[in-house]
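A.B. asks: Following this line is entry.cif, made up of mmCIF, C-alpha atoms:
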data_coords
#
loop_
_atom_site.label_atom_id
_atom_site.label_comp_id
_atom_site.auth_asym_id
_atom_site.auth_seq_id
_atom_site.Cartn_x
_atom_site.Cartn_y
_atom_site.Cartn_z
CA MET G 1100 178.42 98.18 294.30
CA ALA G 1101 178.72 101.02 296.84
CA ALA G 1102 176.64 103.31 294.64
CA ASP G 1103 174.10 100.54 294.22
CA LYS G 1104 173.64 100.31 297.95
CA VAL G 1105 172.21 103.80 298.20
CA ASP G 1106 170.28 103.69 294.94
CA PRO G 1107 166.93 105.05 296.17
CA ILE G 1108 165.07 103.70 293.15
CA HIS G 1109 166.12 100.14 293.76
CA GLN G 1110 163.34 99.50 296.24
CA PHE G 1111 160.70 100.00 293.56
CA HIS G 1112 161.98 97.33 291.22
CA ILE G 1113 159.67 94.54 290.29
CA ASN G 1114 161.17 91.08 290.59
CA LYS G 1115 159.59 88.00 289.13
CA LEU G 1116 159.18 85.31 291.72
CA ILE G 1117 157.15 82.84 289.68
CA PRO G 1118 157.23 83.60 285.96
CA ILE G 1119 153.80 83.18 284.35
CA GLU G 1120 152.97 84.14 280.79
CA ILE G 1121 149.45 83.93 279.39
CA GLY G 1122 148.50 85.01 275.87
CA GLY G 1123 151.73 86.88 275.31
CA TYR G 1124 151.27 88.93 278.49
CA ASP G 1125 153.70 88.67 281.32
CA LEU G 1126 151.51 87.89 284.36
CA SER G 1127 154.32 86.71 286.60
CA PHE G 1128 153.86 86.46 290.33
CA THR G 1129 156.21 89.26 291.35
CA ASN G 1130 157.32 90.78 294.62
CA SER G 1131 154.57 93.34 294.04
CA ALA G 1132 151.99 90.56 293.78
CA LEU G 1133 153.51 88.93 296.85
CA PHE G 1134 152.98 92.08 298.86
CA MET G 1135 149.46 92.49 297.52
CA VAL G 1136 148.79 89.01 298.84
CA ALA G 1137 150.52 89.93 302.09
CA THR G 1138 148.47 93.11 302.38
CA VAL G 1139 145.23 91.25 301.85
CA ALA G 1140 146.30 88.44 304.18
CA VAL G 1141 147.38 90.78 306.99
CA ALA G 1142 144.30 92.99 306.72
CA SER G 1143 141.91 90.04 306.48
CA ALA G 1144 143.57 88.15 309.28
CA PHE G 1145 143.58 91.19 311.54
CA LEU G 1146 139.94 92.00 310.91
CA TYR G 1147 138.89 88.36 311.15
CA LEU G 1148 140.87 87.34 314.21
CA SER G 1149 140.40 90.53 316.20
CA THR G 1150 136.63 90.20 315.95
CA SER G 1151 136.44 86.44 316.41
CA SER G 1152 135.41 86.64 320.06
CA ARG G 1153 132.55 89.06 319.22
CA SER G 1154 132.87 90.54 322.68
CA LEU G 1155 130.23 92.91 323.90
CA VAL G 1156 133.02 94.80 325.63
CA PRO G 1157 135.69 94.83 322.93
CA SER G 1158 139.31 93.91 323.41
CA ARG G 1159 141.89 96.43 322.18
CA LEU G 1160 142.31 94.80 318.81
CA GLN G 1161 138.59 94.34 318.36
CA SER G 1162 138.00 97.99 319.10
CA VAL G 1163 140.62 98.89 316.47
CA SER G 1164 138.64 96.91 313.90
CA GLU G 1165 135.40 98.47 315.08
CA MET G 1166 136.90 101.94 314.97
CA ALA G 1167 138.09 101.42 311.40
CA TYR G 1168 134.65 100.12 310.46
CA GLU G 1169 132.77 102.98 312.07
CA PHE G 1170 135.30 105.56 310.89
CA VAL G 1171 134.80 104.59 307.24
CA GLY G 1172 131.07 104.15 307.77
CA ASN G 1173 130.66 107.65 309.21
CA MET G 1174 132.89 109.09 306.51
CA LEU G 1175 130.71 107.57 303.79
CA ARG G 1176 127.45 108.53 305.51
CA ASP G 1177 128.60 112.14 305.93
CA ALA G 1178 129.71 112.44 302.31
CA ALA G 1179 127.08 110.44 300.44
CA GLY G 1180 124.18 110.02 302.86
CA THR G 1181 122.50 106.76 303.83
CA GLN G 1182 121.99 105.90 300.17
CA GLY G 1183 125.75 105.73 299.85
CA MET G 1184 125.96 102.90 302.40
CA LYS G 1185 125.56 100.36 299.60
CA PHE G 1186 129.14 101.25 298.67
CA PHE G 1187 130.37 100.69 302.22
CA PRO G 1188 132.12 97.38 301.43
CA LEU G 1189 133.93 98.99 298.50
CA VAL G 1190 135.11 102.04 300.44
CA PHE G 1191 136.03 99.97 303.49
CA SER G 1192 138.07 97.49 301.49
CA LEU G 1193 139.78 100.33 299.58
CA PHE G 1194 140.64 102.08 302.83
CA MET G 1195 141.94 98.93 304.51
CA PHE G 1196 143.88 97.83 301.43
CA VAL G 1197 145.61 101.18 300.95
CA LEU G 1198 146.24 101.62 304.67
CA VAL G 1199 147.74 98.17 305.19
CA ALA G 1200 149.74 98.38 301.96
CA ASN G 1201 151.16 101.75 303.06
CA LEU G 1202 151.96 100.47 306.56
CA LEU G 1203 153.57 97.26 305.32
CA GLY G 1204 155.70 99.35 302.98
CA LEU G 1205 157.24 101.07 306.00
CA PHE G 1206 159.00 97.88 307.09
CA PRO G 1207 162.60 97.68 305.91
CA TYR G 1208 163.10 95.38 302.88
CA PHE G 1209 159.37 95.34 302.23
CA PHE G 1210 157.92 96.34 298.90
CA THR G 1211 155.40 99.18 298.85
CA VAL G 1212 152.50 98.15 296.64
CA THR G 1213 151.05 101.65 296.53
CA SER G 1214 154.30 103.17 295.28
CA HIS G 1215 153.47 101.94 291.79
CA ILE G 1216 151.26 104.17 289.71
CA ILE G 1217 149.59 101.27 287.97
CA VAL G 1218 148.31 99.92 291.28
CA THR G 1219 146.97 103.24 292.52
CA PHE G 1220 145.58 103.93 289.06
CA GLY G 1221 143.87 100.54 289.09
CA LEU G 1222 142.19 101.40 292.38
CA ALA G 1223 141.26 104.90 291.17
CA ALA G 1224 139.87 103.47 287.93
CA LEU G 1225 137.78 101.08 290.00
CA VAL G 1226 136.33 104.03 291.91
CA ILE G 1227 135.66 106.18 288.84
CA GLY G 1228 134.36 103.15 286.94
CA THR G 1229 131.92 102.47 289.77
CA VAL G 1230 130.85 106.12 289.78
CA VAL G 1231 130.27 106.21 286.01
CA VAL G 1232 128.56 102.83 285.72
CA TYR G 1233 126.35 103.36 288.77
CA GLY G 1234 125.61 106.95 287.78
CA PHE G 1235 124.35 105.97 284.33
CA MET G 1236 122.50 102.93 285.71
CA LYS G 1237 120.65 104.99 288.29
CA HIS G 1238 120.09 108.26 286.48
CA GLY G 1239 120.47 107.34 282.81
CA LEU G 1240 121.45 110.39 280.81
CA GLY G 1241 120.48 112.49 283.84
CA PHE G 1242 123.91 111.62 285.16
CA LEU G 1243 125.29 114.10 282.63
CA LYS G 1244 123.72 116.89 284.71
CA LEU G 1245 126.85 116.44 286.78
CA PHE G 1246 128.63 118.52 284.16
CA VAL G 1247 126.00 121.27 284.05
CA PRO G 1248 125.94 123.26 287.27
CA HIS G 1249 122.84 125.20 288.20
CA GLY G 1250 122.56 128.94 287.84
CA VAL G 1251 125.27 129.45 285.24
CA PRO G 1252 124.52 132.00 282.50
CA VAL G 1253 123.93 130.39 279.10
CA TYR G 1254 126.81 132.15 277.40
CA LEU G 1255 129.20 130.76 280.03
CA LEU G 1256 127.79 127.26 279.87
CA PRO G 1257 130.07 125.76 277.20
CA LEU G 1258 133.13 126.93 279.09
CA VAL G 1259 131.82 125.69 282.44
CA VAL G 1260 130.83 122.33 280.99
CA LEU G 1261 134.27 121.97 279.45
CA ILE G 1262 135.89 122.75 282.81
CA GLU G 1263 133.59 120.29 284.60
CA VAL G 1264 134.43 117.55 282.11
CA ILE G 1265 138.14 118.18 282.45
CA SER G 1266 137.82 118.17 286.23
CA PHE G 1267 135.92 114.88 286.12
CA VAL G 1268 138.42 113.26 283.77
CA SER G 1269 141.33 114.40 285.90
CA ARG G 1270 139.85 112.77 289.01
CA PRO G 1271 141.25 109.25 288.46
CA VAL G 1272 144.58 110.82 287.59
CA SER G 1273 144.73 113.03 290.68
CA LEU G 1274 143.41 110.24 292.90
CA SER G 1275 146.06 107.79 291.76
CA VAL G 1276 148.96 110.24 291.41
CA ARG G 1277 148.39 111.69 294.88
CA LEU G 1278 148.76 108.34 296.61
CA PHE G 1279 151.52 107.07 294.33
CA ALA G 1280 153.60 110.26 294.54
CA ASN G 1281 153.29 110.50 298.31
CA MET G 1282 154.45 106.95 298.84
CA LEU G 1283 157.18 107.17 296.20
CA ALA G 1284 158.60 110.48 297.43
CA GLY G 1285 158.46 109.44 301.07
CA HIS G 1286 160.26 106.19 300.45
CA ILE G 1287 162.90 107.80 298.27
CA THR G 1288 163.59 110.43 300.93
CA LEU G 1289 163.80 107.76 303.61
CA LYS G 1290 166.16 105.78 301.47
CA VAL G 1291 168.37 108.77 300.71
CA PHE G 1292 168.77 109.70 304.36
CA SER G 1293 169.38 106.09 305.37
CA GLY G 1294 171.93 105.88 302.56
CA PHE G 1295 173.74 108.87 304.06
CA VAL G 1296 173.98 107.02 307.35
CA VAL G 1297 175.61 104.05 305.65
CA SER G 1298 177.95 106.15 303.49
CA LEU G 1299 179.05 108.40 306.35
CA SER G 1300 179.62 105.48 308.71
CA ALA G 1301 182.08 104.06 306.22
CA LEU G 1302 184.29 107.18 306.60
CA GLY G 1303 185.60 106.33 310.08
CA THR G 1304 184.98 107.84 313.50
CA LEU G 1305 184.14 111.32 312.28
CA GLY G 1306 181.74 109.89 309.76
CA ILE G 1307 179.99 107.78 312.38
CA ALA G 1308 179.60 110.88 314.55
CA GLY G 1309 178.31 112.81 311.56
CA SER G 1310 175.88 110.08 310.61
CA VAL G 1311 173.85 110.83 313.72
CA LEU G 1312 172.21 113.71 311.89
CA PRO G 1313 170.83 111.77 308.92
CA LEU G 1314 169.89 108.97 311.30
CA ALA G 1315 167.78 111.36 313.35
CA MET G 1316 166.33 112.61 310.10
CA ALA G 1317 165.49 109.05 309.02
CA VAL G 1318 163.77 108.40 312.34
CA ALA G 1319 161.74 111.59 312.04
CA LEU G 1320 160.88 110.77 308.44
CA THR G 1321 159.71 107.32 309.46
CA ALA G 1322 157.28 108.96 311.88
CA LEU G 1323 156.18 111.32 309.13
CA GLU G 1324 155.73 108.42 306.73
CA LEU G 1325 153.59 106.64 309.30
CA LEU G 1326 151.38 109.72 309.37
CA VAL G 1327 151.37 109.91 305.58
CA ALA G 1328 150.42 106.23 305.36
CA PHE G 1329 147.30 106.90 307.43
CA LEU G 1330 146.59 110.24 305.84
CA GLN G 1331 146.77 109.01 302.27
CA ALA G 1332 144.52 106.06 303.00
CA TYR G 1333 142.08 108.50 304.60
CA VAL G 1334 142.30 110.95 301.70
CA PHE G 1335 141.77 108.16 299.20
CA ALA G 1336 138.69 106.96 301.07
CA VAL G 1337 137.27 110.46 301.54
CA LEU G 1338 137.65 111.33 297.86
CA THR G 1339 136.08 108.00 296.94
CA CYS G 1340 133.12 108.91 299.13
CA MET G 1341 132.78 112.32 297.49
CA TYR G 1342 132.93 110.87 293.98
CA LEU G 1343 130.35 108.26 294.93
CA ASN G 1344 128.17 111.09 296.18
CA ASP G 1345 128.29 112.51 292.65
CA ALA G 1346 127.06 109.21 291.29
CA LEU G 1347 124.16 109.25 293.77
CA HIS G 1348 123.27 112.94 293.47
CA PRO G 1349 124.58 114.23 290.13
CA GLY G 1350 122.52 117.46 290.20
CA HIS G 1351 124.96 119.12 292.63
CA MET R 1465 164.19 99.17 301.82
CA PHE R 1466 167.22 100.52 303.58
CA VAL R 1467 169.78 98.13 302.15
CA THR R 1468 168.06 96.98 299.07
CA SER R 1469 170.70 94.79 297.52
CA ALA R 1470 169.99 92.26 300.22
CA PHE R 1471 166.36 92.29 299.20
CA ALA R 1472 167.19 91.68 295.60
CA GLN R 1473 169.41 88.78 296.56
CA GLU R 1474 166.69 87.32 298.69
CA SER R 1475 163.88 87.60 296.27
CA ALA R 1476 165.28 86.98 292.83
CA PRO R 1477 168.74 85.51 292.87
CA ALA R 1478 168.25 83.51 289.69
CA VAL R 1479 167.05 86.47 287.63
CA GLU R 1480 169.78 88.63 289.01
CA GLY R 1481 172.35 86.20 287.81
CA GLY R 1482 170.98 86.44 284.33
CA HIS R 1483 171.43 90.18 284.14
CA THR R 1484 174.85 90.66 285.60
CA GLY R 1485 176.11 91.68 282.20
CA THR R 1486 174.43 95.06 282.46
CA GLU R 1487 176.22 96.07 285.62
CA GLY R 1488 176.90 99.61 284.45
CA ASP R 1489 173.23 100.45 284.43
CA THR R 1490 171.74 102.01 287.57
CA HIS R 1491 169.09 99.32 287.65
CA SER R 1492 171.48 96.45 287.32
CA GLY R 1493 171.24 93.39 289.45
CA THR R 1494 167.45 93.36 289.53
CA GLY R 1495 164.82 91.33 287.86
CA VAL R 1496 163.70 94.03 285.46
CA PRO R 1497 163.15 92.67 281.96
CA ALA R 1498 165.89 93.58 279.49
CA GLU R 1499 163.73 95.88 277.36
CA ALA R 1500 162.69 97.90 280.39
CA HIS R 1501 166.18 98.95 281.41
CA GLY R 1502 166.56 102.65 281.96
CA VAL R 1503 162.88 103.06 282.73
CA PHE R 1504 161.86 104.35 286.13
CA PRO R 1505 160.38 101.18 287.66
CA PRO R 1506 156.92 102.53 288.60
CA PHE R 1507 156.51 103.76 285.02
CA ASP R 1508 157.68 100.51 283.41
CA PRO R 1509 154.76 99.34 281.23
CA ALA R 1510 156.14 95.82 281.09
CA THR R 1511 155.09 95.26 284.69
CA PHE R 1512 151.60 96.71 284.25
CA PRO R 1513 149.67 93.60 283.12
CA SER R 1514 151.04 91.46 285.92
CA GLN R 1515 150.39 94.10 288.57
CA LEU R 1516 146.89 94.81 287.34
CA VAL R 1517 145.98 91.14 287.21
CA TRP R 1518 147.33 90.44 290.67
CA LEU R 1519 145.72 93.59 292.03
CA ALA R 1520 142.39 92.48 290.58
CA ILE R 1521 142.77 88.99 292.07
CA THR R 1522 143.95 90.06 295.52
CA PHE R 1523 141.70 93.11 295.87
CA GLY R 1524 138.72 91.19 294.49
CA LEU R 1525 139.20 88.43 297.07
CA PHE R 1526 139.74 91.02 299.78
CA TYR R 1527 136.53 92.82 298.78
CA LEU R 1528 134.53 89.59 298.82
CA PHE R 1529 135.99 88.51 302.14
CA LEU R 1530 135.23 91.83 303.76
CA LYS R 1531 131.76 92.02 302.26
CA LYS R 1532 130.74 88.46 303.09
CA VAL R 1533 132.54 87.76 306.34
CA VAL R 1534 134.12 90.70 308.12
CA MET R 1535 131.59 93.47 307.65
CA PRO R 1536 128.49 91.48 308.64
CA ARG R 1537 130.39 90.35 311.69
CA VAL R 1538 131.65 93.77 312.78
CA GLY R 1539 128.32 95.35 311.93
CA GLY R 1540 126.61 92.61 313.92
CA ILE R 1541 128.83 93.18 316.92
CA ILE R 1542 128.13 96.90 316.86
CA ASP R 1543 124.39 96.38 316.35
CA VAL R 1544 124.22 93.87 319.19
CA ARG R 1545 126.06 96.29 321.44
CA ASN R 1546 123.79 99.18 320.48
CA ASP R 1547 120.72 96.99 321.03
CA ARG R 1548 122.06 95.94 324.36
CA ILE R 1549 122.73 99.51 325.40
CA THR R 1550 119.24 100.58 324.30
CA GLN R 1551 117.75 97.62 326.13
CA ASP R 1552 119.69 98.39 329.28
CA LEU R 1553 118.69 102.03 329.10
CA ASP R 1554 115.07 101.00 328.66
CA GLN R 1555 115.31 98.68 331.61
CA ALA R 1556 116.94 101.39 333.69
CA ALA R 1557 114.15 103.79 332.72
CA ARG R 1558 111.55 101.15 333.57
CA LEU R 1559 113.15 100.45 336.93
CA LYS R 1560 113.33 104.15 337.66
CA GLY R 1561 109.64 104.44 336.80
CA GLU R 1562 108.90 101.58 339.14
CA ALA R 1563 110.93 103.18 341.90
CA ASP R 1564 109.13 106.48 341.34
CA ALA R 1565 105.77 104.72 341.47
CA ALA R 1566 106.77 102.97 344.68
CA VAL R 1567 107.81 106.28 346.19
CA ALA R 1568 104.52 107.86 345.13
CA ALA R 1569 102.55 104.93 346.56
CA TYR R 1570 104.49 105.20 349.77
CA GLU R 1571 103.84 108.91 349.98
CA GLN R 1572 100.16 108.35 349.36
CA GLU R 1573 99.93 105.64 351.97
CA LEU R 1574 101.78 107.81 354.40
CA ALA R 1575 99.36 110.65 353.78
CA GLU R 1576 96.41 108.30 354.17
CA ALA R 1577 97.79 106.90 357.38
CA LYS R 1578 98.30 110.41 358.67
CA THR R 1579 94.72 111.37 357.89
CA LYS R 1580 93.50 108.17 359.46
CA ALA R 1581 95.57 108.71 362.55
CA ASN R 1582 94.25 112.25 362.82
CA ALA R 1583 90.71 111.00 362.45
CA ILE R 1584 91.22 108.35 365.09
CA GLY R 1585 92.77 110.90 367.40
CA GLN R 1586 89.93 113.28 366.80
CA GLN R 1587 87.40 110.55 367.39
CA ALA R 1588 89.05 109.48 370.59
CA ASN R 1589 89.25 113.05 371.65
CA ASP R 1590 85.57 113.59 370.95
CA ALA R 1591 84.58 110.37 372.67
CA ALA R 1592 86.63 111.27 375.70
CA LYS R 1593 85.10 114.72 375.77
CA ALA R 1594 81.60 113.31 375.44
CA GLU R 1595 82.27 110.79 378.17
CA ALA R 1596 83.67 113.44 380.42
CA GLU R 1597 80.68 115.64 379.71
CA ALA R 1598 78.31 112.78 380.48
CA ALA R 1599 80.16 111.98 383.68
CA ARG R 1600 80.09 115.64 384.64
CA LYS R 1601 76.39 115.85 383.98
CA LYS R 1602 75.76 112.75 385.98
CA VAL R 1603 77.79 114.05 388.85
CA GLU R 1604 76.07 117.40 388.59
CA ALA R 1605 72.66 115.75 388.54
CA ALA R 1606 73.57 113.69 391.56
CA LEU R 1607 74.85 116.78 393.29
CA ASP R 1608 71.71 118.68 392.36
CA GLN R 1609 69.59 115.90 393.73
CA LYS R 1610 71.57 115.78 396.94
CA LEU R 1611 71.38 119.55 397.15
CA GLY R 1612 67.61 119.41 396.68
CA GLU R 1613 67.33 116.74 399.31
CA ALA R 1614 69.49 118.72 401.63
CA GLU R 1615 67.51 121.86 401.00
CA ALA R 1616 64.25 119.99 401.61
CA ARG R 1617 65.58 118.63 404.85
CA ILE R 1618 66.84 122.01 405.84
CA SER R 1619 63.46 123.51 405.08
CA THR R 1620 61.65 120.84 407.09
CA ILE R 1621 64.10 121.28 409.90
CA LYS R 1622 63.64 124.99 409.60
CA ALA R 1623 59.86 124.63 409.55
CA ASN R 1624 60.01 122.34 412.54
CA ALA R 1625 62.32 124.73 414.24
CA MET R 1626 60.04 127.61 413.42
CA LYS R 1627 57.13 125.64 414.70
CA GLU R 1628 59.03 124.92 417.84
CA VAL R 1629 60.05 128.58 417.97
CA GLY R 1630 56.30 129.41 417.94
CA THR R 1631 55.55 126.98 420.73
CA ILE R 1632 58.49 128.20 422.76
CA ALA R 1633 57.41 131.79 422.13
CA GLU R 1634 53.86 130.95 423.14
CA ASP R 1635 55.12 129.19 426.27
CA THR R 1636 57.48 132.07 427.01
CA ALA R 1637 54.76 134.62 426.25
CA SER R 1638 52.26 132.87 428.50
CA ALA R 1639 54.88 132.62 431.21
CA ILE R 1640 55.73 136.30 430.79
CA VAL R 1641 52.04 137.26 430.74
CA GLU R 1642 51.45 135.16 433.78
CA ALA R 1643 54.34 136.67 435.61
CA LEU R 1644 53.53 140.22 434.62
CA VAL R 1645 49.80 140.24 434.49
CA GLY R 1646 49.16 137.37 436.79
CA GLY R 1647 46.30 135.98 434.86
CA LYS R 1648 46.13 133.36 432.46
CA ALA R 1649 45.93 134.40 428.81
CA SER R 1650 44.14 132.02 426.65
CA LYS R 1651 46.26 129.88 424.49
CA ALA R 1652 44.61 131.08 421.32
CA GLU R 1653 45.22 134.74 422.12
CA ILE R 1654 48.86 134.13 422.81
CA ALA R 1655 49.27 132.11 419.65
CA ALA R 1656 47.64 134.91 417.65
CA ALA R 1657 49.87 137.47 419.33
CA VAL R 1658 53.02 135.46 418.66
CA LYS R 1659 51.99 134.96 415.09
CA SER R 1660 51.44 138.66 414.53
CA VAL R 1661 54.86 139.44 416.01
CA ALA R 1662 56.59 136.74 414.02
CA ARG R 1663 55.32 138.27 410.84
#
Show me the file's structure as structure tokens.
C.D. replies:
Amino acid sequence: MAADKVDPIHQFHINKLIPIEIGGYDLSFTNSALFMVATVAVASAFLYLSTSSRSLVPSRLQSVSEMAYEFVGNMLRDAAGTQGMKFFPLVFSLFMFVLVANLLGLFPYFFTVTSHIIVTFGLAALVIGTVVVYGFMKHGLGFLKLFVPHGVPVYLLPLVVLIEVISFVSRPVSLSVRLFANMLAGHITLKVFSGFVVSLSALGTLGIAGSVLPLAMAVALTALELLVAFLQAYVFAVLTCMYLNDALHPGH
Amino acid sequence: MFVTSAFAQESAPAVEGGHTGTEGDTHSGTGVPAEAHGVFPPFDPATFPSQLVWLAITFGLFYLFLKKVVMPRVGGIIDVRNDRITQDLDQAARLKGEADAAVAAYEQELAEAKTKANAIGQQANDAAKAEAEAARKKVEAALDQKLGEAEARISTIKANAMKEVGTIAEDTASAIVEALVGGKASKAEIAAAVKSVAR
């Protein structure tokens, strides 16, 4: 089992906690689902409890909630204008969900919800779905102007439209893969370096002395992962804002 | 995350037991369904329906909770604070305006009082001058009168004296004439002679 102990993939395994099967699909309550619930519970509880006093002069926790709220609000207003504020709840909940899921994943033994491509793809599909549905609802076929930039010579138009379509279609992919790959790679690296610590420590005094290096590395990587957790939540929210801007103003 | 076998034991001991037969596999000892063995867990399609459904449930509830409860509350807190700040700024501006007005009123009153004081001073000055002038005139008049009286008396005294001088001269002249000539000059002649000399 020694090799198993440092298996860096092990942390991504899905374990059924409560097996549920409906219509031939396996919809079990898994550790992934458990941490989705935990993410939602932690984020909701934090936002709810920190603002419960509604102080005029905010406490530290309340000002954290307010900062997150205003941060996302300003981000959306800058990217999509005041019209975009109708999507504020969506962007705010996406940001908080991804952020808290990333941060919870940093705790040892915890499962990282965002390290699974299907989860990040689900969130990205929600964003792109909102963009497409709202874009067609608001602009009708005028939404297709998104793919026809202004001032392009006619003979180049088919090529440009093709490129625009490909770029649009690749958005949900890039949005989901970016978050997923960052979390996955970060956690694997962390696990590998932590595994070195364990393996080296088993080799006696010299090994314990040598394990200081990977331990320092693991500590540094944890700090980096903390940054990445924030950064990826931010990037996800910013890109969501920019895509929503396309739905609001498709004519570039 | 760091020592993951412990996690697996914690979370799914029963399932783990069921799969101990596949120990040689790298993914052994986990709850991965048998057909998914060898698949990188995040790319295992067998877990997709469950994850999507639970993501939809949890994220949907989260979205609703944020939209209905948290965001109105946080937005309300921020709005109330902004209103309060605006209100306080307005009040401060109003109070400053009032203070400025009070200062202006004070300045005006001060200026008025100064003018008034000057006027009163001027008036008093004028009155005093007029009074002094009147008193001077009165005194001058009185002095003039006294001077006139004195002059009149002097002139009467002088006239009397002159008259007496005439009589004395006549007496003296008659005495001299008498002594020199030895006759008596008539009184009228002597008086005429004295008069012609006195002229």
A.B. asks: Apply the PyMOL selection byres ((chain R and resi 1649-1657) around 8) to the file shown and report the selected residues as a list in words.
C.D. replies: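 Selected by the PyMOL selection byres ((chain R and resi 1649-1657) around 8) in this file: Gly1630, Glu1634, Ala1637, Ser1638, Val1641, Glu1642, Gly1647, Lys1648, Val1658, Lys1659, Ser1660 and Val1661 of chain R.
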A.B. asks: Evaluating the PyMOL selection byres ((chain G and resi 1155-1157) around 12) on the displayed file yields which residues, as a list in words?
C.D. replies: Ser1149, Thr1150, Ser1151, Ser1152, Arg1153, Ser1154, Ser1158, Arg1159, Leu1160, Gln1161, Ser1162, Val1163, Ser1164, Glu1165 and Met1166 of chain G; Val1538, Gly1540, Ile1541, Ile1542, Asp1543, Val1544, Arg1545, Asn1546, Asp1547, Arg1548 and Ile1549 of chain R
A.B. asks: Apply the PyMOL selection byres ((chain G) within 7 of (chain R)) to the file shown and report the selected residues as a ChimeraX atom specification.
C.D. replies: /G:1104,1109-1116,1124-1127,1131-1132,1135-1136,1139,1146-1147,1150,1153,1155,1165,1188-1189,1192,1207-1209,1215-1218,1221,1290,1293
A.B. asks: Take atom CA of Thr1550 of chain R and atom CA of Gly1172 of chain G and report the distance between them in Å, one decimal.
C.D. replies: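 Interatomic distance here is 20.6 Å.
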A.B. asks: Quick one: distance from atom CA of Phe1145 of chain G to atom CA of Leu1175 of chain G in Å, one decimal?
C.D. replies: 22.2 Å
A.B. asks: Give me, as a list in words, all polymer residues having an atom no more than 9 Å from Leu1278 of chain G, counting all atoms listed in the file and skipping those fewer than 3 positions away in the same chain.
C.D. replies: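 Residues near the query, excluding close chain neighbours: Val1197, Thr1213, Ser1214, Ile1216, Thr1219, Ser1273, Leu1274, Ser1275, Asn1281, Met1282, Leu1283, Gln1331, Ala1332, Val1334 and Phe1335 of chain G.
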A.B. asks: Could you jot down the atom CA of Asn1624 of chain R to atom CA of Asp1608 of chain R separation for me, Å, one decimal place?
C.D. replies: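 For atom CA of Asn1624 of chain R relative to atom CA of Asp1608 of chain R, the distance reads 23.6 Å.
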A.B. asks: Pro1257 of chain G: which residues within 12 Å, counting only C-alpha atoms, same-chain residues fewer than 5 positions away excluded, as a PyMOL selection string?
C.D. replies: chain G and resi 1246-1248+1251-1252+1262-1264
A.B. asks: Measuring atom to atom with only C-alpha atoms, identify which of G:Leu1256, G:Val1171, G:Arg1277, G:Leu1299 is nearest to Met1195 of chain G.
C.D. replies: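 Checking each candidate against Met1195 of chain G, we get G:Val1171 as the closest.
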